[in-house]
file input-v5.cif (mmCIF, C-alpha atoms)
data_input
loop_
_atom_site.label_atom_id
_atom_site.label_comp_id
_atom_site.auth_asym_id
_atom_site.auth_seq_id
_atom_site.Cartn_x
_atom_site.Cartn_y
_atom_site.Cartn_z
CA MET V 30 137.77 48.48 185.95
CA THR V 31 139.53 47.36 182.78
CA LEU V 32 140.52 50.95 181.98
CA ALA V 33 142.04 51.48 185.41
CA ALA V 34 144.21 48.35 185.38
CA PRO V 35 147.03 49.74 183.19
CA VAL V 36 147.21 52.86 185.36
CA LEU V 37 147.53 50.79 188.54
CA ALA V 38 150.42 48.92 186.95
CA VAL V 39 152.46 52.14 186.60
CA PRO V 40 154.97 52.68 189.44
CA ARG V 41 153.74 55.16 192.01
CA ARG V 42 156.71 57.51 191.64
CA ARG V 43 156.14 57.79 187.91
CA ARG V 44 152.45 58.58 188.42
CA ASP V 45 153.38 61.21 191.02
CA TRP V 46 155.83 62.75 188.57
CA ALA V 47 153.05 63.14 185.98
CA PHE V 48 150.32 64.10 188.45
CA TYR V 49 151.77 67.28 189.93
CA PRO V 50 152.79 68.97 186.66
CA CYS V 51 149.32 68.20 185.27
CA LEU V 52 147.73 69.59 188.41
CA ALA V 53 149.80 72.75 187.99
CA ILE V 54 148.62 73.05 184.37
CA LEU V 55 144.99 72.83 185.46
CA ALA V 56 145.59 75.35 188.22
CA LEU V 57 147.16 77.72 185.68
CA ALA V 58 144.15 77.31 183.37
CA VAL V 59 141.76 78.09 186.22
CA VAL V 60 143.79 81.15 187.25
CA ALA V 61 143.78 82.36 183.64
CA ALA V 62 140.00 81.89 183.46
CA VAL V 63 139.41 83.80 186.70
CA LEU V 64 141.88 86.64 186.13
CA SER V 65 141.61 86.93 182.34
CA PRO V 66 140.16 90.48 182.32
CA TRP V 67 143.18 91.75 184.28
CA VAL V 68 146.13 89.69 183.00
CA THR V 69 145.70 89.80 179.22
CA PRO V 70 148.49 91.99 177.78
CA TYR V 71 146.21 93.27 174.98
CA ASP V 72 142.52 93.59 174.29
CA PRO V 73 141.62 90.10 172.93
CA ALA V 74 139.23 91.60 170.37
CA ALA V 75 141.48 94.48 169.25
CA THR V 76 142.51 94.13 165.60
CA SER V 77 145.58 95.60 163.96
CA PHE V 78 146.07 95.26 160.23
CA ASP V 79 149.67 96.34 160.65
CA ALA V 80 150.37 93.23 162.78
CA ILE V 81 148.75 90.39 160.82
CA TRP V 82 150.43 87.00 161.36
CA VAL V 83 153.32 88.48 163.30
CA PRO V 84 155.60 85.66 164.57
CA PRO V 85 156.33 85.28 168.29
CA GLY V 86 158.49 88.06 169.68
CA PRO V 87 158.90 90.55 172.53
CA ALA V 88 155.74 92.47 171.56
CA HIS V 89 153.58 89.39 171.01
CA TRP V 90 154.93 86.36 172.85
CA LEU V 91 152.81 83.87 170.88
CA GLY V 92 152.36 85.95 167.74
CA THR V 93 149.16 87.29 166.21
CA ASP V 94 146.33 85.89 164.10
CA GLN V 95 144.82 86.78 160.73
CA LEU V 96 143.33 90.01 162.13
CA GLY V 97 146.41 91.09 164.07
CA ARG V 98 144.94 90.04 167.44
CA ASP V 99 147.40 88.95 170.12
CA LEU V 100 147.26 85.15 170.48
CA LEU V 101 148.38 85.08 174.12
CA SER V 102 145.60 87.49 175.08
CA ARG V 103 143.03 85.45 173.18
CA VAL V 104 144.16 82.14 174.70
CA ILE V 105 143.95 83.61 178.20
CA ASP V 106 140.58 85.23 177.48
CA GLY V 107 139.28 82.00 175.93
CA ALA V 108 140.04 79.98 179.06
CA ARG V 109 136.93 81.27 180.83
CA PRO V 110 134.24 80.40 178.25
CA THR V 111 136.00 77.14 177.35
CA LEU V 112 136.24 75.86 180.92
CA LEU V 113 132.86 77.21 182.00
CA GLY V 114 131.19 75.57 179.00
CA ALA V 115 132.63 72.17 179.93
CA ILE V 116 131.63 72.65 183.58
CA ALA V 117 128.09 73.68 182.61
CA LEU V 118 127.51 70.67 180.34
CA LEU V 119 128.85 68.30 183.01
CA ALA V 120 126.65 69.90 185.65
CA LEU V 121 123.56 69.35 183.50
CA ALA V 122 124.62 65.83 182.51
CA THR V 123 125.42 64.92 186.13
CA ALA V 124 122.07 66.17 187.45
CA LEU V 125 120.15 64.14 184.86
CA GLY V 126 122.45 61.13 184.86
CA VAL V 127 122.61 60.71 188.63
CA LEU V 128 118.83 61.05 188.89
CA ILE V 129 118.25 58.41 186.21
CA GLY V 130 120.96 56.07 187.51
CA LEU V 131 119.82 56.22 191.15
CA THR V 132 116.16 55.78 190.19
CA ALA V 133 116.95 52.73 188.04
CA ALA V 134 119.17 51.16 190.73
CA TRP V 135 116.63 51.72 193.52
CA HIS V 136 113.44 50.60 191.79
CA ARG V 137 114.91 47.99 189.43
CA GLY V 138 112.25 45.85 187.71
CA TRP V 139 110.31 47.51 184.91
CA VAL V 140 111.53 50.98 185.90
CA ASP V 141 115.14 49.87 185.44
CA VAL V 142 114.31 48.24 182.09
CA LEU V 143 112.44 51.33 180.84
CA LEU V 144 115.23 53.74 181.80
CA ALA V 145 117.81 51.38 180.30
CA ARG V 146 115.95 51.39 176.98
CA VAL V 147 115.75 55.19 177.01
CA THR V 148 119.49 55.54 177.57
CA ASP V 149 120.17 52.88 174.92
CA VAL V 150 118.17 54.90 172.39
CA MET V 151 120.26 57.98 173.22
CA PHE V 152 123.42 55.90 172.90
CA ALA V 153 122.34 54.90 169.40
CA PHE V 154 123.09 58.43 168.20
CA PRO V 155 126.70 59.67 168.21
CA GLY V 156 127.06 62.57 170.63
CA LEU V 157 127.94 65.19 168.03
CA LEU V 158 125.13 64.04 165.72
CA PHE V 159 122.65 64.29 168.59
CA VAL V 160 123.80 67.84 169.34
CA ILE V 161 123.66 68.84 165.68
CA MET V 162 120.04 67.60 165.55
CA ILE V 163 119.21 69.82 168.54
CA ILE V 164 121.03 72.79 167.01
CA ALA V 165 119.09 72.28 163.77
CA VAL V 166 115.89 72.83 165.76
CA PHE V 167 116.95 75.56 168.20
CA ASP V 168 119.67 77.34 166.16
CA SER V 169 123.38 77.47 166.94
CA GLY V 170 124.95 79.17 169.94
CA THR V 171 126.86 78.51 173.13
CA VAL V 172 123.78 77.77 175.24
CA THR V 173 122.34 75.35 172.68
CA ALA V 174 125.69 73.55 172.34
CA VAL V 175 126.03 73.18 176.12
CA LEU V 176 122.46 71.93 176.50
CA GLY V 177 122.87 69.49 173.64
CA MET V 178 126.16 68.09 174.93
CA GLY V 179 124.72 67.89 178.45
CA LEU V 180 121.88 65.72 177.18
CA ALA V 181 124.33 63.63 175.16
CA TYR V 182 126.53 62.93 178.19
CA ALA V 183 123.64 62.22 180.58
CA PRO V 184 123.22 58.54 179.53
CA VAL V 185 126.95 57.90 180.08
CA ILE V 186 126.76 59.21 183.64
CA ALA V 187 123.43 57.44 184.19
CA LYS V 188 124.89 54.02 183.36
CA PHE V 189 127.96 54.64 185.50
CA THR V 190 125.82 55.86 188.42
CA ARG V 191 123.52 52.85 188.15
CA ALA V 192 126.48 50.46 188.25
CA ILE V 193 128.05 51.94 191.38
CA ALA V 194 124.64 52.53 193.01
CA LEU V 195 123.71 48.84 192.68
CA GLU V 196 126.91 47.94 194.51
CA GLU V 197 126.24 50.53 197.20
CA LEU V 198 122.61 49.49 197.71
CA ALA V 199 123.76 45.93 198.39
CA ARG V 200 125.64 47.04 201.51
CA PRO V 201 124.22 46.09 204.94
CA TYR V 202 123.67 49.66 206.12
CA VAL V 203 120.96 50.15 203.48
CA ASP V 204 118.86 47.33 204.92
CA SER V 205 119.49 48.73 208.39
CA TYR V 206 118.06 52.13 207.44
CA ARG V 207 115.13 50.46 205.72
CA LEU V 208 114.28 48.61 208.93
CA GLN V 209 114.37 51.93 210.75
CA GLY V 210 111.69 53.25 208.40
CA ALA V 211 113.78 55.44 206.09
CA GLY V 212 112.02 56.09 202.79
CA GLY V 213 113.65 55.52 199.45
CA PHE V 214 114.11 59.22 198.64
CA GLU V 215 115.60 60.03 202.04
CA LEU V 216 117.86 56.97 202.03
CA CYS V 217 119.25 57.68 198.56
CA LEU V 218 119.68 61.40 199.12
CA ARG V 219 121.15 61.37 202.64
CA TYR V 220 123.12 58.14 202.73
CA VAL V 221 123.64 56.46 199.36
CA LEU V 222 124.44 59.50 197.20
CA PRO V 223 127.13 60.94 199.56
CA ASN V 224 128.89 57.56 199.44
CA LEU V 225 128.84 57.67 195.64
CA VAL V 226 130.35 61.16 195.41
CA PRO V 227 134.04 60.13 195.68
CA THR V 228 133.77 57.63 192.83
CA LEU V 229 131.61 59.98 190.76
CA LEU V 230 134.00 62.88 191.29
CA GLY V 231 136.99 61.05 189.88
CA TYR V 232 134.95 59.87 186.89
CA LEU V 233 133.62 63.38 186.22
CA VAL V 234 137.11 64.89 186.25
CA VAL V 235 138.14 62.45 183.52
CA LEU V 236 134.90 63.16 181.65
CA PHE V 237 135.59 66.91 181.90
CA GLY V 238 138.40 66.62 179.39
CA ASP V 239 136.17 64.75 176.97
CA GLY V 240 133.45 67.38 177.38
CA LEU V 241 135.93 70.20 176.78
CA MET V 242 137.14 68.51 173.60
CA SER V 243 133.56 67.95 172.40
CA LEU V 244 132.62 71.60 172.92
CA ALA V 245 135.80 72.70 171.15
CA THR V 246 134.80 70.47 168.23
CA LEU V 247 131.35 72.06 168.07
CA ASN V 248 132.92 75.53 168.14
CA PHE V 249 135.30 74.48 165.37
CA LEU V 250 132.36 73.29 163.26
CA GLY V 251 130.57 76.60 163.83
CA PHE V 252 127.72 75.22 165.94
CA GLY V 253 128.78 76.75 169.26
CA SER V 254 130.40 80.09 170.01
CA GLN V 255 130.43 82.65 167.25
CA PRO V 256 132.99 85.37 166.38
CA PRO V 257 134.38 87.56 167.86
CA LYS V 258 134.50 85.29 170.94
CA SER V 259 137.81 83.68 171.77
CA ASP V 260 136.86 80.10 172.64
CA TRP V 261 139.78 77.82 171.88
CA GLY V 262 137.91 75.66 169.37
CA LEU V 263 136.66 78.74 167.53
CA MET V 264 140.22 80.10 167.40
CA VAL V 265 141.34 76.94 165.59
CA GLU V 266 138.51 77.30 163.08
CA GLU V 267 139.33 80.95 162.38
CA SER V 268 142.99 80.12 161.73
CA ARG V 269 142.35 77.69 158.84
CA ALA V 270 143.18 80.36 156.26
CA GLY V 271 146.58 80.80 157.86
CA VAL V 272 147.27 77.06 157.74
CA ILE V 273 146.58 77.04 153.99
CA GLN V 274 149.12 79.85 153.57
CA GLY V 275 151.71 78.16 155.76
CA VAL V 276 151.15 80.20 158.93
CA LEU V 277 150.65 77.49 161.58
CA GLY V 278 150.99 79.48 164.80
CA PRO V 279 147.38 80.74 165.11
CA ALA V 280 146.11 77.15 164.79
CA LEU V 281 148.81 75.43 166.83
CA VAL V 282 148.55 77.69 169.87
CA PRO V 283 144.85 77.05 170.73
CA GLY V 284 145.04 73.47 169.44
CA LEU V 285 147.98 72.59 171.68
CA THR V 286 146.29 74.40 174.57
CA ILE V 287 143.22 72.19 174.21
CA ALA V 288 145.36 69.04 173.95
CA ILE V 289 147.50 69.91 176.99
CA VAL V 290 144.51 70.76 179.19
CA VAL V 291 142.66 67.58 178.15
CA VAL V 292 145.67 65.35 178.84
CA ALA V 293 146.28 67.07 182.18
CA THR V 294 142.62 66.59 183.11
CA ASN V 295 142.75 62.88 182.29
CA VAL V 296 145.92 62.32 184.33
CA VAL V 297 144.57 64.22 187.34
CA GLY V 298 141.16 62.56 187.04
CA VAL V 299 142.54 59.02 186.95
CA ARG V 300 144.85 59.66 189.89
CA LEU V 301 142.10 61.41 191.86
CA SER V 302 139.76 58.50 191.17
CA ASP V 303 142.39 56.06 192.48
CA LYS V 304 142.92 58.07 195.66
CA LEU V 305 139.23 58.52 196.38
CA ALA V 306 138.57 54.81 195.72
CA VAL V 307 141.26 53.84 198.24
CA ARG V 308 139.84 56.18 200.89
CA ARG V 309 136.37 54.86 200.25
#

call {"tool": "encode", "arguments": {"input": "input-v5.cif", "output": "structure tokens"}}
result
Amino acid sequence: MTLAAPVLAVPRRRRDWAFYPCLAILALAVVAAVLSPWVTPYDPAATSFDAIWVPPGPAHWLGTDQLGRDLLSRVIDGARPTLLGAIALLALATALGVLIGLTAAWHRGWVDVLLARVTDVMFAFPGLLFVIMIIAVFDSGTVTAVLGMGLAYAPVIAKFTRAIALEELARPYVDSYRLQGAGGFELCLRYVLPNLVPTLLGYLVVLFGDGLMSLATLNFLGFGSQPPKSDWGLMVEESRAGVIQGVLGPALVPGLTIAIVVVATNVVGVRLSDKLAVRR
């Protein structure tokens, strides 16, 4: 609630002005992810030692990297694994978090206390450190990074789900269904959870940007995707040699892409959360 207050204080016209361009940016990112095999002007993995660090121009609109690969093609091609990775980790985190949060809110008592202590223990470790510990055991890779980040985000969603579920379970219709003989599993699955979806959806959209940034960080550190993939975070890591030599384009292009998509996601998520909360 405290995070939403400053947003509510912004005039509606100003929020509308920011919302639609950000929505268009997200739509463009999704289109790029879906159509990337057909819209990339060059093969994203094709190297050309005659075109190393070429500046932006008619042949290469965003320039090339240290191996002569077209940056525009790689950014478009990297949209799919970058977005799908963030979606996959949120899907895993949501499944675990909602299950834990609903269970704690429904049973309360010692079950609530036990689950709260488990999530508190997971909160004690920074998310990236927790993932690095998992990668140290199961080796690096995209799947391991997604699984690790999914487990790291699950307690966050669990606490949020528990908070809104406690409010929902206090509503009169829950007691009404209980009197009619509805069991706890049926009541939560058929009636309580659908009422939580609008609030959860807005929160997850905001969390999507954070998850995308976290995965990009893991890729930059070398714990996620490996070359020759074109994930945006990995592109930034591969361009460090160019930054040392004063060639900033290969690092700025994917870095700015990540920043723009994350900001757009946050703006759309906050506005979507406001709209769904009003309808609810």

call {"tool": "closest_residue", "arguments": {"input": "input-v5.cif", "among": "V:Gln209, V:Thr286, V:Ser302, V:Thr171", "to": "Ala115 in chain V", "atoms": "only C-alpha atoms"}}
result
V:Thr171

call {"tool": "residues_around", "arguments": {"input": "input-v5.cif", "residues": "range 239-256 of chain V", "least_positions_apart": "2", "cutoff": "6 Å", "atoms": "only C-alpha atoms", "output": "list in words"}}
result
Ala115, Ser169, Gly170, Thr171, Ala174, Leu236, Phe237, Lys258, Gly262, Leu263 and Glu266 of chain V

call {"tool": "atom_distance", "arguments": {"input": "input-v5.cif", "atom1": "CA of Phe78 in chain V", "atom2": "CA of Leu64 in chain V"}}
result
27.6 Å

call {"tool": "atom_distance", "arguments": {"input": "input-v5.cif", "atom1": "CA of Gly107 in chain V", "atom2": "CA of Asp260 in chain V"}}
result
4.5 Å

call {"tool": "residues_around", "arguments": {"input": "input-v5.cif", "residues": "Val290 in chain V", "least_positions_apart": "3", "cutoff": "8 Å", "atoms": "all atoms listed in the file", "output": "list in words"}}
result
Ile54, Leu55, Ala58, Gly238, Thr286, Ile287, Ala293 and Thr294 of chain V

call {"tool": "closest_residue", "arguments": {"input": "input-v5.cif", "among": "V:Lys188, V:Arg98, V:Lys304, V:Arg109", "to": "Glu267 in chain V", "atoms": "all atoms listed in the file"}}
result
V:Arg98

call {"tool": "atom_distance", "arguments": {"input": "input-v5.cif", "atom1": "CA of Gly114 in chain V", "atom2": "CA of Val175 in chain V"}}
result
6.4 Å

call {"tool": "resolve_selection", "arguments": {"input": "input-v5.cif", "expression": "the PyMOL selection byres ((chain V and resi 298) around 8)", "output": "PyMOL selection string"}}
result
chain V and resi 231-235+294-297+299-302

call {"tool": "write_last_selection", "arguments": {"input": "input-v5.cif", "atoms": "C-alpha atoms", "output": "tab-separated table (two decimals), in the coordinates of the input"}}
result
chain	number	residue	atom	x	y	z
V	231	GLY	CA	136.99	61.05	189.88
V	232	TYR	CA	134.95	59.87	186.89
V	233	LEU	CA	133.62	63.38	186.22
V	234	VAL	CA	137.11	64.89	186.25
V	235	VAL	CA	138.14	62.45	183.52
V	294	THR	CA	142.62	66.59	183.11
V	295	ASN	CA	142.75	62.88	182.29
V	296	VAL	CA	145.92	62.32	184.33
V	297	VAL	CA	144.57	64.22	187.34
V	299	VAL	CA	142.54	59.02	186.95
V	300	ARG	CA	144.85	59.66	189.89
V	301	LEU	CA	142.10	61.41	191.86
V	302	SER	CA	139.76	58.50	191.17

call {"tool": "residues_around", "arguments": {"input": "input-v5.cif", "residues": "Gly86 in chain V", "least_positions_apart": "5", "cutoff": "12 Å", "atoms": "only C-alpha atoms", "output": "PDB file with C-alpha atoms, in the frame of the given file"}}
result
ATOM      1  CA  ALA V  80     150.370  93.230 162.780  1.00  0.00           C
ATOM      2  CA  LEU V  91     152.810  83.870 170.880  1.00  0.00           C
ATOM      3  CA  GLY V  92     152.360  85.950 167.740  1.00  0.00           C
ATOM      4  CA  THR V  93     149.160  87.290 166.210  1.00  0.00           C
ATOM      5  CA  ASP V  99     147.400  88.950 170.120  1.00  0.00           C
ATOM      6  CA  LEU V 100     147.260  85.150 170.480  1.00  0.00           C
ATOM      7  CA  LEU V 101     148.380  85.080 174.120  1.00  0.00           C
TER       8      LEU V 101
END

call {"tool": "closest_residue", "arguments": {"input": "input-v5.cif", "among": "V:Ile81, V:Leu52, V:Ala47, V:Leu119", "to": "Leu229 in chain V", "atoms": "all atoms listed in the file"}}
result
V:Leu119

call {"tool": "residues_around", "arguments": {"input": "input-v5.cif", "residues": "Ala187 in chain V", "least_positions_apart": "4", "cutoff": "8 Å", "atoms": "all atoms listed in the file", "output": "PDB file with C-alpha atoms, keeping the file's coordinate frame"}}
result
ATOM      1  CA  THR V 123     125.420  64.920 186.130  1.00  0.00           C
ATOM      2  CA  LEU V 125     120.150  64.140 184.860  1.00  0.00           C
ATOM      3  CA  GLY V 126     122.450  61.130 184.860  1.00  0.00           C
ATOM      4  CA  VAL V 127     122.610  60.710 188.630  1.00  0.00           C
ATOM      5  CA  LEU V 128     118.830  61.050 188.890  1.00  0.00           C
ATOM      6  CA  ILE V 129     118.250  58.410 186.210  1.00  0.00           C
ATOM      7  CA  GLY V 130     120.960  56.070 187.510  1.00  0.00           C
ATOM      8  CA  LEU V 131     119.820  56.220 191.150  1.00  0.00           C
ATOM      9  CA  THR V 148     119.490  55.540 177.570  1.00  0.00           C
ATOM     10  CA  ALA V 183     123.640  62.220 180.580  1.00  0.00           C
ATOM     11  CA  ARG V 191     123.520  52.850 188.150  1.00  0.00           C
TER      12      ARG V 191
END

call {"tool": "closest_residue", "arguments": {"input": "input-v5.cif", "among": "V:Gly213, V:Pro184, V:Pro223, V:Gly271", "to": "Ala122 in chain V", "atoms": "all atoms listed in the file"}}
result
V:Pro184

call {"tool": "decode", "arguments": {"input": "input-v5.cif", "residues": "range 86-99 of chain V", "atoms": "N, CA, C and O atoms", "output": "PDB file, in the first residue's frame"}}
result
ATOM      1  N   GLY V  86      24.904   2.290 -39.060  1.00  0.00           N
ATOM      2  CA  GLY V  86      24.853   2.793 -40.428  1.00  0.00           C
ATOM      3  C   GLY V  86      23.781   2.083 -41.219  1.00  0.00           C
ATOM      4  O   GLY V  86      23.009   1.271 -40.670  1.00  0.00           O
ATOM      5  N   PRO V  87      23.701   2.345 -42.515  1.00  0.00           N
ATOM      6  CA  PRO V  87      22.656   1.715 -43.350  1.00  0.00           C
ATOM      7  C   PRO V  87      22.734   0.193 -43.357  1.00  0.00           C
ATOM      8  O   PRO V  87      21.711  -0.487 -43.412  1.00  0.00           O
ATOM      9  N   ALA V  88      23.950  -0.366 -43.331  1.00  0.00           N
ATOM     10  CA  ALA V  88      24.093  -1.826 -43.375  1.00  0.00           C
ATOM     11  C   ALA V  88      23.764  -2.464 -42.033  1.00  0.00           C
ATOM     12  O   ALA V  88      23.136  -3.524 -41.965  1.00  0.00           O
ATOM     13  N   HIS V  89      24.183  -1.818 -40.961  1.00  0.00           N
ATOM     14  CA  HIS V  89      23.928  -2.319 -39.605  1.00  0.00           C
ATOM     15  C   HIS V  89      23.374  -1.164 -38.782  1.00  0.00           C
ATOM     16  O   HIS V  89      24.132  -0.300 -38.326  1.00  0.00           O
ATOM     17  N   TRP V  90      22.084  -1.147 -38.592  1.00  0.00           N
ATOM     18  CA  TRP V  90      21.415   0.004 -37.972  1.00  0.00           C
ATOM     19  C   TRP V  90      21.914   0.303 -36.571  1.00  0.00           C
ATOM     20  O   TRP V  90      21.957   1.454 -36.154  1.00  0.00           O
ATOM     21  N   LEU V  91      22.273  -0.744 -35.801  1.00  0.00           N
ATOM     22  CA  LEU V  91      22.772  -0.544 -34.445  1.00  0.00           C
ATOM     23  C   LEU V  91      24.256  -0.866 -34.316  1.00  0.00           C
ATOM     24  O   LEU V  91      24.794  -0.857 -33.217  1.00  0.00           O
ATOM     25  N   GLY V  92      24.902  -1.151 -35.429  1.00  0.00           N
ATOM     26  CA  GLY V  92      26.310  -1.494 -35.409  1.00  0.00           C
ATOM     27  C   GLY V  92      26.539  -2.981 -35.215  1.00  0.00           C
ATOM     28  O   GLY V  92      25.612  -3.795 -35.282  1.00  0.00           O
ATOM     29  N   THR V  93      27.791  -3.347 -34.980  1.00  0.00           N
ATOM     30  CA  THR V  93      28.157  -4.753 -34.785  1.00  0.00           C
ATOM     31  C   THR V  93      28.978  -4.898 -33.504  1.00  0.00           C
ATOM     32  O   THR V  93      29.447  -3.918 -32.920  1.00  0.00           O
ATOM     33  N   ASP V  94      29.171  -6.146 -33.083  1.00  0.00           N
ATOM     34  CA  ASP V  94      29.912  -6.399 -31.842  1.00  0.00           C
ATOM     35  C   ASP V  94      31.353  -6.815 -32.136  1.00  0.00           C
ATOM     36  O   ASP V  94      31.852  -6.642 -33.261  1.00  0.00           O
ATOM     37  N   GLN V  95      31.999  -7.404 -31.135  1.00  0.00           N
ATOM     38  CA  GLN V  95      33.414  -7.736 -31.242  1.00  0.00           C
ATOM     39  C   GLN V  95      33.695  -8.876 -32.216  1.00  0.00           C
ATOM     40  O   GLN V  95      34.845  -9.106 -32.580  1.00  0.00           O
ATOM     41  N   LEU V  96      32.655  -9.580 -32.651  1.00  0.00           N
ATOM     42  CA  LEU V  96      32.822 -10.654 -33.636  1.00  0.00           C
ATOM     43  C   LEU V  96      32.178 -10.304 -34.976  1.00  0.00           C
ATOM     44  O   LEU V  96      32.044 -11.169 -35.844  1.00  0.00           O
ATOM     45  N   GLY V  97      31.771  -9.059 -35.127  1.00  0.00           N
ATOM     46  CA  GLY V  97      31.156  -8.629 -36.375  1.00  0.00           C
ATOM     47  C   GLY V  97      29.709  -9.053 -36.523  1.00  0.00           C
ATOM     48  O   GLY V  97      29.161  -9.003 -37.627  1.00  0.00           O
ATOM     49  N   ARG V  98      29.063  -9.454 -35.427  1.00  0.00           N
ATOM     50  CA  ARG V  98      27.658  -9.864 -35.479  1.00  0.00           C
ATOM     51  C   ARG V  98      26.748  -8.638 -35.393  1.00  0.00           C
ATOM     52  O   ARG V  98      27.016  -7.705 -34.627  1.00  0.00           O
ATOM     53  N   ASP V  99      25.681  -8.649 -36.159  1.00  0.00           N
ATOM     54  CA  ASP V  99      24.761  -7.515 -36.207  1.00  0.00           C
ATOM     55  C   ASP V  99      24.015  -7.377 -34.883  1.00  0.00           C
ATOM     56  O   ASP V  99      23.341  -8.315 -34.433  1.00  0.00           O
TER      57      ASP V  99
END
